[in-house]
Each structure stands twice: as C-alpha cells, then as structure tokens.
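Q: I'm passing along upload10.txt; it holds compact mmCIF, C-alpha atoms.
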# COMPACT_ATOMS: atom_id res chain seq x y z
CA MET A 273 -2.59 1.34 -8.64
CA GLU A 274 -2.20 -1.98 -6.87
CA ASN A 275 -0.62 -4.76 -8.87
CA LYS A 276 -0.73 -8.48 -8.50
CA PRO A 277 2.82 -9.84 -8.32
CA THR A 278 4.64 -9.41 -11.64
CA SER A 279 7.72 -11.43 -12.47
CA ILE A 280 11.04 -10.73 -14.07
CA THR A 281 13.61 -13.40 -14.85
CA VAL A 282 17.19 -13.02 -13.71
CA PRO A 283 19.36 -15.04 -16.12
CA ASN A 284 22.73 -16.75 -15.49
CA PHE A 285 22.99 -16.23 -11.76
CA THR A 286 25.84 -17.76 -9.79
CA THR A 287 25.37 -17.74 -6.03
CA GLU A 288 28.14 -16.83 -3.60
CA SER A 289 28.51 -20.56 -2.91
CA GLY A 290 29.26 -21.15 -6.60
CA THR A 291 25.96 -22.72 -7.69
CA PHE A 292 24.81 -21.71 -11.17
CA TYR A 293 21.14 -21.02 -11.93
CA ALA A 294 20.32 -20.56 -15.63
CA SER A 295 17.37 -18.41 -14.54
CA LEU A 296 15.70 -17.30 -11.33
CA ASN A 297 12.20 -15.91 -10.94
CA LEU A 298 11.99 -12.54 -9.16
CA SER A 299 8.44 -11.37 -8.47
CA PHE A 300 7.42 -7.98 -7.14
CA GLN A 301 4.52 -5.63 -6.51
CA VAL A 302 4.20 -1.88 -7.00
CA PHE A 303 1.88 0.39 -5.00
CA GLY A 304 1.15 4.08 -5.50
CA PRO A 305 2.33 6.00 -8.59
CA ALA A 306 3.84 4.02 -11.49
CA LEU A 307 7.56 3.22 -11.35
CA ASN A 308 9.78 6.22 -12.05
CA ALA A 309 6.81 8.64 -11.74
CA ALA A 310 7.62 9.46 -8.09
CA PRO A 311 10.47 8.80 -5.61
CA ILE A 312 10.71 5.04 -5.06
CA VAL A 313 10.79 3.34 -1.66
CA LEU A 314 11.91 -0.28 -1.67
CA VAL A 315 10.37 -2.31 1.16
CA ASN A 316 12.16 -5.57 2.05
CA HIS A 317 9.94 -8.10 3.81
CA ALA A 318 10.79 -10.13 6.92
CA LEU A 319 10.80 -13.91 7.45
CA THR A 320 7.13 -14.75 6.89
CA GLY A 321 6.34 -11.61 4.88
CA ASN A 322 6.00 -11.08 1.14
CA SER A 323 5.50 -8.36 -1.47
CA GLN A 324 1.94 -7.63 -0.27
CA VAL A 325 3.00 -4.63 1.81
CA ILE A 326 -0.41 -2.93 1.79
CA GLY A 327 -3.95 -3.75 0.75
CA GLU A 328 -6.36 -6.31 2.14
CA LYS A 329 -3.68 -8.71 3.35
CA GLY A 330 -0.94 -6.10 3.61
CA TRP A 331 1.41 -6.62 6.54
CA TRP A 332 2.51 -2.97 6.90
CA ASN A 333 -0.77 -1.12 6.33
CA SER A 334 -0.35 1.01 9.41
CA LEU A 335 2.91 2.54 8.17
CA ILE A 336 2.37 2.70 4.41
CA GLY A 337 -0.63 3.95 2.42
CA GLN A 338 -2.56 7.07 1.49
CA ASN A 339 -1.79 9.82 4.03
CA LYS A 340 0.22 7.38 6.18
CA THR A 341 3.87 7.87 7.24
CA ILE A 342 5.07 6.62 3.86
CA ASP A 343 2.38 8.21 1.71
CA THR A 344 1.47 6.29 -1.46
CA THR A 345 0.25 9.49 -3.07
CA LYS A 346 3.84 10.86 -2.86
CA TYR A 347 5.98 7.73 -3.08
CA THR A 348 6.02 4.63 -5.25
CA ILE A 349 6.38 1.50 -3.14
CA LEU A 350 8.30 -1.39 -4.66
CA ALA A 351 8.51 -4.76 -2.88
CA PHE A 352 10.24 -7.89 -4.16
CA ASN A 353 9.53 -11.39 -2.96
CA VAL A 354 12.60 -13.17 -1.67
CA PRO A 355 12.99 -15.98 -4.23
CA GLY A 356 11.75 -19.18 -2.63
CA ASN A 357 9.39 -17.48 -0.14
CA GLY A 358 6.52 -19.25 -1.94
CA TYR A 359 4.27 -16.21 -2.40
CA ASP A 360 4.60 -16.45 -6.18
CA ASP A 361 4.28 -20.27 -5.99
CA VAL A 362 7.98 -20.62 -6.79
CA LEU A 363 9.93 -22.67 -4.26
CA ILE A 364 13.64 -23.37 -3.98
CA GLU A 365 14.55 -26.70 -2.41
CA ASN A 366 18.32 -26.16 -2.28
CA TYR A 367 18.18 -23.36 0.26
CA LEU A 368 21.82 -23.88 1.31
CA ASP A 369 22.89 -22.56 -2.11
CA PHE A 370 21.89 -19.06 -1.01
CA ASN A 371 22.92 -16.44 1.53
CA ALA A 372 21.62 -12.95 2.29
CA ARG A 373 24.05 -11.32 -0.16
CA ASP A 374 22.69 -13.43 -3.04
CA ILE A 375 19.23 -12.02 -2.38
CA ALA A 376 20.65 -8.49 -2.27
CA LYS A 377 22.26 -9.12 -5.68
CA LEU A 378 18.98 -10.44 -7.08
CA PHE A 379 17.09 -7.39 -5.81
CA LEU A 380 19.73 -5.12 -7.38
CA ALA A 381 19.37 -7.03 -10.65
CA GLY A 382 15.62 -6.46 -10.42
CA ILE A 383 16.11 -2.72 -9.87
CA GLU A 384 18.39 -2.55 -12.92
CA SER A 385 15.92 -4.54 -15.00
CA LEU A 386 13.15 -2.07 -14.02
CA LYS A 387 15.42 0.79 -15.18
CA ILE A 388 15.52 2.45 -11.78
CA GLN A 389 18.57 4.70 -11.41
CA GLN A 390 18.28 5.43 -7.72
CA LEU A 391 15.89 4.68 -4.88
CA TYR A 392 14.69 7.29 -2.42
CA ALA A 393 14.83 4.80 0.45
CA ILE A 394 15.33 1.14 1.26
CA ILE A 395 13.45 0.14 4.40
CA GLY A 396 13.23 -3.29 5.94
CA GLY A 397 12.70 -4.96 9.28
CA SER A 398 14.52 -8.02 10.59
CA VAL A 399 15.99 -10.15 7.77
CA GLY A 400 14.62 -7.60 5.26
CA GLY A 401 16.76 -4.92 6.91
CA GLY A 402 19.79 -7.22 6.79
CA ILE A 403 19.27 -7.63 3.04
CA ALA A 404 19.01 -3.82 2.80
CA TRP A 405 22.44 -3.51 4.49
CA GLU A 406 23.84 -6.04 1.99
CA MET A 407 22.39 -4.01 -0.90
CA VAL A 408 24.11 -0.75 0.05
CA ALA A 409 27.35 -2.64 0.75
CA LEU A 410 27.23 -3.89 -2.86
CA GLU A 411 25.92 -0.64 -4.40
CA PRO A 412 26.96 2.28 -2.18
CA LYS A 413 24.96 4.87 -4.22
CA ILE A 414 21.77 2.88 -4.83
CA THR A 415 19.61 4.81 -2.35
CA GLN A 416 19.43 8.20 -0.63
CA HIS A 417 18.22 6.67 2.65
CA LEU A 418 18.88 3.30 4.26
CA ILE A 419 16.45 2.47 7.07
CA PRO A 420 17.30 -0.84 8.77
CA ILE A 421 14.74 -1.60 11.52
CA ALA A 422 15.17 -4.25 14.25
CA THR A 423 18.10 -5.73 12.36
CA ASP A 424 21.85 -5.47 11.89
CA TRP A 425 24.57 -5.72 9.22
CA LYS A 426 25.57 -9.11 10.61
CA ALA A 427 24.14 -12.20 12.24
CA THR A 428 25.56 -12.40 15.77
CA ASP A 429 26.51 -15.66 17.48
CA TRP A 430 23.23 -15.45 19.41
CA LEU A 431 21.21 -15.08 16.21
CA ILE A 432 23.14 -17.87 14.47
CA ALA A 433 22.47 -20.11 17.49
CA ASN A 434 18.72 -19.46 17.30
CA CYS A 435 18.72 -20.07 13.54
CA PHE A 436 20.61 -23.31 14.16
CA LEU A 437 17.90 -24.44 16.58
CA GLN A 438 15.23 -23.39 14.05
CA GLU A 439 16.93 -25.50 11.40
CA GLN A 440 17.13 -28.50 13.74
CA ILE A 441 13.39 -28.21 14.38
CA LEU A 442 12.62 -27.76 10.67
CA ASN A 443 14.67 -30.85 9.80
CA ASN A 444 13.73 -33.14 12.68
CA SER A 445 10.23 -32.34 13.93
CA SER A 446 7.12 -34.23 12.83
CA LYS A 447 5.34 -30.83 12.73
CA PRO A 448 8.27 -28.69 11.55
CA ILE A 449 6.57 -25.40 10.68
CA GLU A 450 4.34 -25.38 13.77
CA ASP A 451 7.15 -26.26 16.17
CA ALA A 452 9.67 -23.88 14.61
CA ARG A 453 7.12 -21.08 14.77
CA ILE A 454 6.44 -21.76 18.46
CA HIS A 455 10.15 -21.45 19.23
CA ALA A 456 10.47 -18.35 17.04
CA MET A 457 7.65 -16.57 18.88
CA LEU A 458 9.77 -16.80 22.05
CA CYS A 459 12.52 -14.87 20.24
CA TYR A 460 10.14 -12.32 18.72
CA ARG A 461 8.50 -11.41 22.06
CA THR A 462 9.78 -11.01 25.64
CA PRO A 463 8.98 -12.36 29.12
CA GLU A 464 7.41 -8.95 29.97
CA SER A 465 5.23 -9.05 26.86
CA PHE A 466 3.93 -12.52 27.78
CA LYS A 467 3.30 -11.46 31.37
CA ALA A 468 1.25 -8.44 30.29
CA LYS A 469 -0.71 -10.48 27.78
CA PHE A 470 -1.44 -13.70 29.67
CA GLN A 471 -1.05 -13.17 33.43
CA ARG A 472 -0.73 -16.96 33.89
CA THR A 473 -4.39 -17.42 32.91
CA THR A 474 -5.71 -20.74 31.67
CA ASN A 475 -7.99 -21.87 28.88
CA GLU A 476 -10.59 -23.85 30.87
CA GLU A 477 -12.00 -25.58 27.82
CA LEU A 478 -8.63 -26.96 26.66
CA ALA A 479 -7.23 -27.26 30.21
CA ILE A 480 -3.99 -25.56 29.17
CA PHE A 481 -2.40 -22.17 29.82
CA ASN A 482 -3.50 -19.37 27.51
CA VAL A 483 0.11 -18.79 26.50
CA GLU A 484 0.22 -22.40 25.24
CA SER A 485 -3.02 -22.05 23.35
CA TRP A 486 -1.75 -18.79 21.76
CA LEU A 487 1.52 -20.43 20.67
CA ASN A 488 -0.36 -23.40 19.21
CA HIS A 489 -2.62 -21.01 17.29
CA HIS A 490 0.40 -19.19 15.79
CA GLY A 491 2.01 -22.48 14.82
CA LYS A 492 -1.11 -23.79 13.07
CA LYS A 493 -1.79 -20.46 11.37
CA LEU A 494 1.67 -20.35 9.82
CA GLN A 495 1.52 -24.01 8.82
CA LYS A 496 -1.56 -23.23 6.71
CA ARG A 497 0.07 -20.47 4.69
CA PHE A 498 3.80 -21.17 4.63
CA GLN A 499 5.80 -23.91 2.94
CA LEU A 500 8.58 -25.81 4.68
CA SER A 501 11.15 -25.00 1.98
CA ALA A 502 10.25 -21.29 2.28
CA TYR A 503 10.84 -21.34 6.04
CA ARG A 504 14.18 -23.12 5.55
CA MET A 505 15.23 -20.57 2.96
CA MET A 506 14.32 -17.52 5.07
CA ASN A 507 16.02 -18.99 8.15
CA GLN A 508 19.17 -19.60 6.10
CA LEU A 509 19.16 -15.95 4.94
CA LEU A 510 18.75 -14.69 8.51
CA LYS A 511 21.75 -16.75 9.60
CA THR A 512 23.97 -15.50 6.75
CA ILE A 513 23.58 -11.71 7.01
CA ASP A 514 27.14 -10.38 6.94
CA VAL A 515 28.25 -7.39 4.87
CA THR A 516 31.90 -8.19 5.69
CA ARG A 517 31.78 -11.71 4.16
CA ASN A 518 34.96 -12.29 2.10
CA SER A 519 36.21 -8.77 2.68
CA ASP A 520 38.42 -6.96 5.14
CA SER A 521 36.36 -4.99 7.61
CA PHE A 522 33.13 -3.23 8.37
CA GLU A 523 35.09 0.04 8.27
CA GLU A 524 36.27 -0.63 4.72
CA ILE A 525 32.76 -1.51 3.48
CA VAL A 526 31.12 1.45 5.21
CA SER A 527 33.70 3.96 4.00
CA ARG A 528 32.27 3.46 0.49
CA ILE A 529 28.58 3.83 1.44
CA GLU A 530 27.15 7.18 0.35
CA THR A 531 23.67 7.01 1.79
CA ASN A 532 22.01 8.54 4.87
CA ILE A 533 21.69 5.72 7.40
CA HIS A 534 18.84 5.73 9.92
CA ILE A 535 19.22 2.85 12.38
CA ILE A 536 16.08 1.98 14.34
CA ALA A 537 16.41 -0.51 17.18
CA ILE A 538 14.02 -1.82 19.83
CA ASN A 539 15.10 -1.55 23.46
CA SER A 540 13.72 -5.01 24.34
CA ASP A 541 14.68 -6.88 21.13
CA LEU A 542 16.08 -10.31 22.09
CA PHE A 543 16.90 -11.18 18.48
CA PHE A 544 18.75 -8.14 17.12
CA THR A 545 19.75 -6.40 20.33
CA ALA A 546 19.78 -2.64 20.82
CA ASN A 547 23.35 -2.89 22.15
CA GLU A 548 24.62 -4.25 18.84
CA ASN A 549 22.82 -1.45 17.00
CA ARG A 550 24.30 1.20 19.30
CA GLU A 551 27.76 -0.20 18.63
CA THR A 552 27.13 0.03 14.88
CA PHE A 553 25.93 3.61 15.31
CA GLU A 554 29.07 4.59 17.28
CA GLU A 555 31.27 2.95 14.66
CA LEU A 556 29.52 4.81 11.82
CA LYS A 557 29.78 8.10 13.69
CA LYS A 558 33.53 7.59 14.11
CA LEU A 559 33.78 7.19 10.35
CA ASN A 560 31.89 10.49 9.90
CA LYS A 561 28.97 8.82 8.19
CA ASN A 562 25.61 10.58 7.98
CA VAL A 563 23.89 8.34 10.51
CA SER A 564 21.09 8.65 13.05
CA TYR A 565 19.94 6.26 15.75
CA GLY A 566 16.42 5.85 17.06
CA GLU A 567 15.00 3.38 19.54
CA ILE A 568 11.48 2.06 19.92
CA GLU A 569 10.63 1.56 23.59
CA SER A 570 8.38 -1.43 24.04
CA ILE A 571 7.89 -4.50 26.20
CA HIS A 572 7.10 -6.51 23.06
CA GLY A 573 10.63 -7.22 21.82
CA HIS A 574 11.55 -7.85 18.19
CA ASP A 575 7.94 -7.74 16.94
CA ALA A 576 7.55 -4.17 18.23
CA PHE A 577 8.39 -2.84 14.74
CA LEU A 578 5.03 -4.29 13.65
CA ILE A 579 3.21 -3.17 16.82
CA GLU A 580 4.44 0.30 17.92
CA TYR A 581 3.25 2.28 14.91
CA GLU A 582 3.15 5.69 16.56
CA GLN A 583 6.75 5.47 17.69
CA LEU A 584 7.82 4.27 14.27
CA ASP A 585 5.91 7.13 12.67
CA ASN A 586 7.70 9.64 14.92
CA LEU A 587 11.09 8.16 14.06
CA LEU A 588 10.42 8.16 10.31
CA LYS A 589 8.31 11.23 9.61
CA ASP A 590 11.26 13.58 9.01
CA ILE A 591 12.58 11.30 6.27
CA PHE A 592 9.22 11.05 4.52
Here is the file; what I need is its structure written in the form of structure tokens.
A:
Amino acid sequence: MENKPTSITVPNFTTESGTFYASLNLSFQVFGPALNAAPIVLVNHALTGNSQVIGEKGWWNSLIGQNKTIDTTKYTILAFNVPGNGYDDVLIENYLDFNARDIAKLFLAGIESLKIQQLYAIIGGSVGGGIAWEMVALEPKITQHLIPIATDWKATDWLIANCFLQEQILNNSSKPIEDARIHAMLCYRTPESFKAKFQRTTNEELAIFNVESWLNHHGKKLQKRFQLSAYRMMNQLLKTIDVTRNSDSFEEIVSRIETNIHIIAINSDLFFTANENRETFEELKKLNKNVSYGEIESIHGHDAFLIEYEQLDNLLKDIF
C-alpha cells in the first residue's frame, strides 16, 4: 500500500530551548506491508527531502521498493516529515526554537503513538542520519540497526561554518532560496565532479559557462518547490546535530546504545568528511560496540549517497 501523508498530533511539546508548543503536527507515510505486519525500517529524509521515499516522486526509489535492496515486500517503510519542511503544508516560522534533538524526540513520540515497540532499522543520509544518531542516543534500544549515511553524530566547525553562510544568504539575499541552493551545491559536489561533468564548456545561447547554467537551474528548481521557512528550519537542524549536547561525553552516550551501528561514509564528501567518520568508527570499536564502517568511493562528494546505488546496495545487502 502507498499512503498519502497521514498526520498525528504531538501534544504539550517543550523544545530543548524551552519553548512550549501546545501541539505539533507530525505527518508520515507508510510503504509496503501495514505497520507492525513486517519489520519496520524508518527512513529519515535529508535537507530538501520529505516522506515520499518511493513512488512517482520518490527520492530513494533506486534503493527502496519491490525487490530492491530494502524490499517493500519484506519490510514496512515508515518516513516522517521533519515538522516545518512544508511537505504537509505546515510551516514553522520560529525555526530557532528547534534543534536536531527536538526532531528526534518528535519522531520517537510518533513511533510511540503508532504503537511500534522496536524498529528493525533507522537509515538516513545527511541531516536525516544526524537525527537518527540523536534518536538512538535518546532511546538506546529503539532499533536493531542504525545506518547513518554521509553524516555524523555532530556538526563539525566546518559544517557549522557552511550552515552559518547558508543562513546569511537565506536572511540577506533578494533571491534567498536560489542563492542558498547554489552555494549548497558546491558543498554537495566536488571540484572533480564538476570537472567530469562540465569540462569548462559554455552554453552558447546564454553566453555563460554550463556550470553556471546548471547551478541556476538547481536554484530555480528548488525555489519552485521549497519554502524559505522550511529551508531555514532544515539548515538550523543540520547545524545543531550533537548527541553530546548537555551531557558529558560521546563515550558516555555510546556506552548505553544497544544497536548494531553501520557507518557509511563517502571518500570525497566535503560536508561530512570520511575522516570524521573513521574517527567515530575507531572510537566505537574501542568501546567494543558492534560497529562496521563502509565507504562509498566516488568523485561526486556528499551527493554520492543518492548517486552510487550499486555501492550502497553492496554495503547494505547483508543487513537487509
């Protein structure tokens, strides 16, 4: 079955920053067998994503579906919309009220409301993977498998710096979504990826470089389907990923986690670097956690988790 987004209401929610919301709308979609009829895989979307994981406008069709790596005849797929992402027409103007942990808490409240005892896996790329880390930090037994892809348990100084620039663009540009998207594409790809794709060619008709025309296209495309407040919200969440917030150490948090952790990095990721992921892996190994590390090799950088399907399939097939 393929549902339109359904909503549940989370009542009396106080954010980590101390702001009280009498109710928050949490919408979600379910694909494959009905909830609790098969093992459940929670998919957390990335910055411009949403709960439409598969189907006509699905953003992860190549990984998830009938007879795909995550087979919807064997697994139920559950995907929440990050509140304020606009996909369910609900926007949140006060984005600074929220951080990544708040979203993890809301997702956990949704899981409880749907009477799910335990998930088979939580998988997410980029900010979605960061929220997945926050979820297992809060509920160490919530899932059998944690699969954070092209992400980390924390926002590094480099990531925070890029999010800061994104926020400046979103607040100060006359074309905020388009301009922020153009900058973001430079973080999501790499110099090698651009070289392979464009070879310094020009668009004769527009008298500009093809790389410029491509960036303009991406900016305009996002502007048509994404709201400014949604972009601000998602950028704020990216900047605030940190499972150690208000607590002692990564070691302390991780010592409580009882899930199998499968870290997947991308060798050319400029956003969430492979080095940071390797350090996390070494740390987890030292603590005798059940952890594996896999790396996608690609010239395409951060976006490779949406491009290199065969490699991702190879890294995930043993789990599914």
Q: Quick one: everything within 8 Å of Asn316 of chain A, counting all atoms listed in the file, minus sequence neighbours fewer than 3 positions away in the same chain. Send it as an mmCIF file with C-alpha atoms, keeping the file's coordinate frame.
A:
data_model
loop_
_atom_site.group_PDB
_atom_site.id
_atom_site.type_symbol
_atom_site.label_atom_id
_atom_site.label_comp_id
_atom_site.auth_asym_id
_atom_site.auth_seq_id
_atom_site.Cartn_x
_atom_site.Cartn_y
_atom_site.Cartn_z
ATOM 1 C CA ALA A 351 8.510 -4.760 -2.880
ATOM 2 C CA PHE A 352 10.240 -7.890 -4.160
ATOM 3 C CA ILE A 394 15.330 1.140 1.260
ATOM 4 C CA ILE A 395 13.450 0.140 4.400
ATOM 5 C CA GLY A 396 13.230 -3.290 5.940
ATOM 6 C CA GLY A 397 12.700 -4.960 9.280
ATOM 7 C CA GLY A 400 14.620 -7.600 5.260
ATOM 8 C CA GLY A 401 16.760 -4.920 6.910
ATOM 9 C CA ILE A 403 19.270 -7.630 3.040
ATOM 10 C CA ALA A 404 19.010 -3.820 2.800
#
Q: When you look at segment 320-333 of chain A with a cut-off of 9 Å (counting all atoms listed in the file), what residues show up, excluding the ones that are within fewer than 4 positions of it in the same chain? I need them as a ChimeraX atom specification.
A: /A:274,276-277,299-303,315-316,337,340,349-354,357-359,494,498,502-503,506,578
Q: Rank A:Lys426, A:Lys558, A:Arg497, A:Arg453 by their smallest atom-to-atom distance to Val399 of chain A, using only C-alpha atoms, and report the top residue only.
A: A:Lys426
Q: Residues of segment 346-426 of chain A that have any atom at most 12 Å from an atom of segment 519-528 of chain A: could you tabulate them with the shortest-distance atom pair and the distance in Å to one decimal, using only C-alpha atoms, ordered by chain and increasing number, as a tab-separated table?
A:
residue	atom	partner	partner_atom	distance
A:Trp405	CA	A:Val526	CA	10.0
A:Glu406	CA	A:Ile525	CA	10.1
A:Met407	CA	A:Ile525	CA	11.5
A:Val408	CA	A:Val526	CA	9.0
A:Ala409	CA	A:Ile525	CA	6.2
A:Leu410	CA	A:Ile525	CA	8.7
A:Glu411	CA	A:Arg528	CA	9.0
A:Pro412	CA	A:Arg528	CA	6.1
A:Lys413	CA	A:Arg528	CA	8.8
A:Ile414	CA	A:Arg528	CA	11.8
A:Trp425	CA	A:Phe522	CA	9.0
A:Lys426	CA	A:Phe522	CA	9.8
Q: Just how far from atom CA of Asn371 of chain A is atom CA of Leu509 of chain A, in Å to one decimal?
A: 5.1 Å
Q: Work out how far apart atom CA of Gln440 of chain A and atom CA of Leu319 of chain A are and give it in Å to one decimal.
A: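 Straight-line distance from atom CA of Gln440 of chain A to atom CA of Leu319 of chain A works out to 17.1 Å.
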Q: Using all atoms listed in the file, which of the listed residues (A:Ile454, A:Phe592, A:Ser279, A:Leu431) sits closest to Ile312 of chain A?
A: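 Among the listed residues, A:Phe592 lies closest to Ile312 of chain A.
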Q: Using only C-alpha atoms, pick whichever of A:Asp590, A:Glu567, A:Glu551, A:Glu288 has the shortest atom-to-atom distance to Arg517 of chain A.
A: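 Result for the nearest residue to Arg517 of chain A: A:Glu288.
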Q: Tell me which of A:Thr531, A:Leu335, A:Asn297, A:Thr281 sits closest to Asn586 of chain A, counting all atoms listed in the file.
A: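 Looking only at the distances to Asn586 of chain A, the closest residue turns out to be A:Leu335.
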Q: Between A:Ile513, A:Arg550, A:Lys467, A:Glu476, single out the one closest to Ala427 of chain A, counting all atoms listed in the file.
A: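 Closest to Ala427 of chain A of all the choices is A:Ile513.
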Q: Looking at A:Leu378, A:Leu296, A:Val313, A:Ile536, which one is nearest to Glu548 of chain A, with distances taken over only C-alpha atoms?
A: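 For Glu548 of chain A, the nearest of the candidates is A:Ile536.
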Q: Expressed in Å to a single decimal, how great is the separation between atom CA of Lys493 of chain A and atom CA of Ala537 of chain A?
A: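 These atoms are spaced 27.6 Å apart.
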Q: Just give me the residues with any atom within 8 Å of (6.6, -3.6, 24.8), file coordinates, counting all atoms listed in the file, written as a count of residues only.
A: 9
Q: Name the residues, using the chain letters and numbers of the file, that sit within 7 Å of (1.8, 3.3, -2.1) when counting all atoms listed in the file, and give them as a ChimeraX atom specification.
A: /A:303-304,336-338,343-345,347-349
Q: Since the input is missing atoms, can you rebuild N, CA and C atoms for segment 532-557 of chain A and write them as an mmCIF file, in the coordinates of the input?
A:
data_model
loop_
_atom_site.group_PDB
_atom_site.id
_atom_site.type_symbol
_atom_site.label_atom_id
_atom_site.label_comp_id
_atom_site.auth_asym_id
_atom_site.auth_seq_id
_atom_site.Cartn_x
_atom_site.Cartn_y
_atom_site.Cartn_z
ATOM 1 N N ASN A 532 22.355 8.166 3.493
ATOM 2 C CA ASN A 532 22.010 8.540 4.870
ATOM 3 C C ASN A 532 21.498 7.278 5.561
ATOM 4 N N ILE A 533 22.072 6.962 6.705
ATOM 5 C CA ILE A 533 21.690 5.720 7.400
ATOM 6 C C ILE A 533 20.890 6.062 8.648
ATOM 7 N N HIS A 534 19.715 5.478 8.756
ATOM 8 C CA HIS A 534 18.840 5.730 9.920
ATOM 9 C C HIS A 534 18.601 4.388 10.615
ATOM 10 N N ILE A 535 19.349 4.130 11.673
ATOM 11 C CA ILE A 535 19.220 2.850 12.380
ATOM 12 C C ILE A 535 18.074 2.964 13.390
ATOM 13 N N ILE A 536 17.162 2.001 13.344
ATOM 14 C CA ILE A 536 16.080 1.980 14.340
ATOM 15 C C ILE A 536 16.118 0.632 15.057
ATOM 16 N N ALA A 537 16.335 0.694 16.367
ATOM 17 C CA ALA A 537 16.410 -0.510 17.180
ATOM 18 C C ALA A 537 15.212 -0.554 18.128
ATOM 19 N N ILE A 538 15.099 -1.667 18.847
ATOM 20 C CA ILE A 538 14.020 -1.820 19.830
ATOM 21 C C ILE A 538 14.690 -2.159 21.159
ATOM 22 N N ASN A 539 14.369 -1.392 22.190
ATOM 23 C CA ASN A 539 15.100 -1.550 23.460
ATOM 24 C C ASN A 539 15.000 -2.959 24.050
ATOM 25 N N SER A 540 13.923 -3.684 23.735
ATOM 26 C CA SER A 540 13.720 -5.010 24.340
ATOM 27 C C SER A 540 13.929 -6.156 23.343
ATOM 28 N N ASP A 541 14.513 -5.855 22.166
ATOM 29 C CA ASP A 541 14.680 -6.880 21.130
ATOM 30 C C ASP A 541 15.667 -7.955 21.603
ATOM 31 N N LEU A 542 15.208 -9.206 21.672
ATOM 32 C CA LEU A 542 16.080 -10.310 22.090
ATOM 33 C C LEU A 542 16.817 -10.919 20.899
ATOM 34 N N PHE A 543 16.401 -10.551 19.705
ATOM 35 C CA PHE A 543 16.900 -11.180 18.480
ATOM 36 C C PHE A 543 18.042 -10.362 17.891
ATOM 37 N N PHE A 544 17.741 -9.101 17.559
ATOM 38 C CA PHE A 544 18.750 -8.140 17.120
ATOM 39 C C PHE A 544 18.833 -7.084 18.227
ATOM 40 N N THR A 545 19.783 -7.218 19.117
ATOM 41 C CA THR A 545 19.750 -6.400 20.330
ATOM 42 C C THR A 545 20.089 -4.931 20.073
ATOM 43 N N ALA A 546 19.524 -4.081 20.914
ATOM 44 C CA ALA A 546 19.780 -2.640 20.820
ATOM 45 C C ALA A 546 21.266 -2.342 21.028
ATOM 46 N N ASN A 547 21.918 -3.101 21.910
ATOM 47 C CA ASN A 547 23.350 -2.890 22.150
ATOM 48 C C ASN A 547 24.179 -3.018 20.880
ATOM 49 N N GLU A 548 23.892 -4.056 20.098
ATOM 50 C CA GLU A 548 24.620 -4.250 18.840
ATOM 51 C C GLU A 548 24.391 -3.063 17.908
ATOM 52 N N ASN A 549 23.147 -2.579 17.868
ATOM 53 C CA ASN A 549 22.820 -1.450 17.000
ATOM 54 C C ASN A 549 23.506 -0.165 17.461
ATOM 55 N N ARG A 550 23.595 0.017 18.779
ATOM 56 C CA ARG A 550 24.300 1.200 19.300
ATOM 57 C C ARG A 550 25.775 1.157 18.937
ATOM 58 N N GLU A 551 26.349 -0.045 19.019
ATOM 59 C CA GLU A 551 27.760 -0.200 18.630
ATOM 60 C C GLU A 551 27.964 0.160 17.164
ATOM 61 N N THR A 552 27.057 -0.299 16.314
ATOM 62 C CA THR A 552 27.130 0.030 14.880
ATOM 63 C C THR A 552 27.038 1.533 14.688
ATOM 64 N N PHE A 553 26.116 2.156 15.404
ATOM 65 C CA PHE A 553 25.930 3.610 15.310
ATOM 66 C C PHE A 553 27.216 4.349 15.698
ATOM 67 N N GLU A 554 27.827 3.938 16.814
ATOM 68 C CA GLU A 554 29.070 4.590 17.280
ATOM 69 C C GLU A 554 30.179 4.433 16.238
ATOM 70 N N GLU A 555 30.268 3.243 15.697
ATOM 71 C CA GLU A 555 31.270 2.950 14.660
ATOM 72 C C GLU A 555 31.081 3.856 13.441
ATOM 73 N N LEU A 556 29.823 3.985 13.006
ATOM 74 C CA LEU A 556 29.520 4.810 11.820
ATOM 75 C C LEU A 556 29.799 6.281 12.097
ATOM 76 N N LYS A 557 29.507 6.707 13.327
ATOM 77 C CA LYS A 557 29.780 8.100 13.690
ATOM 78 C C LYS A 557 31.283 8.396 13.629
#
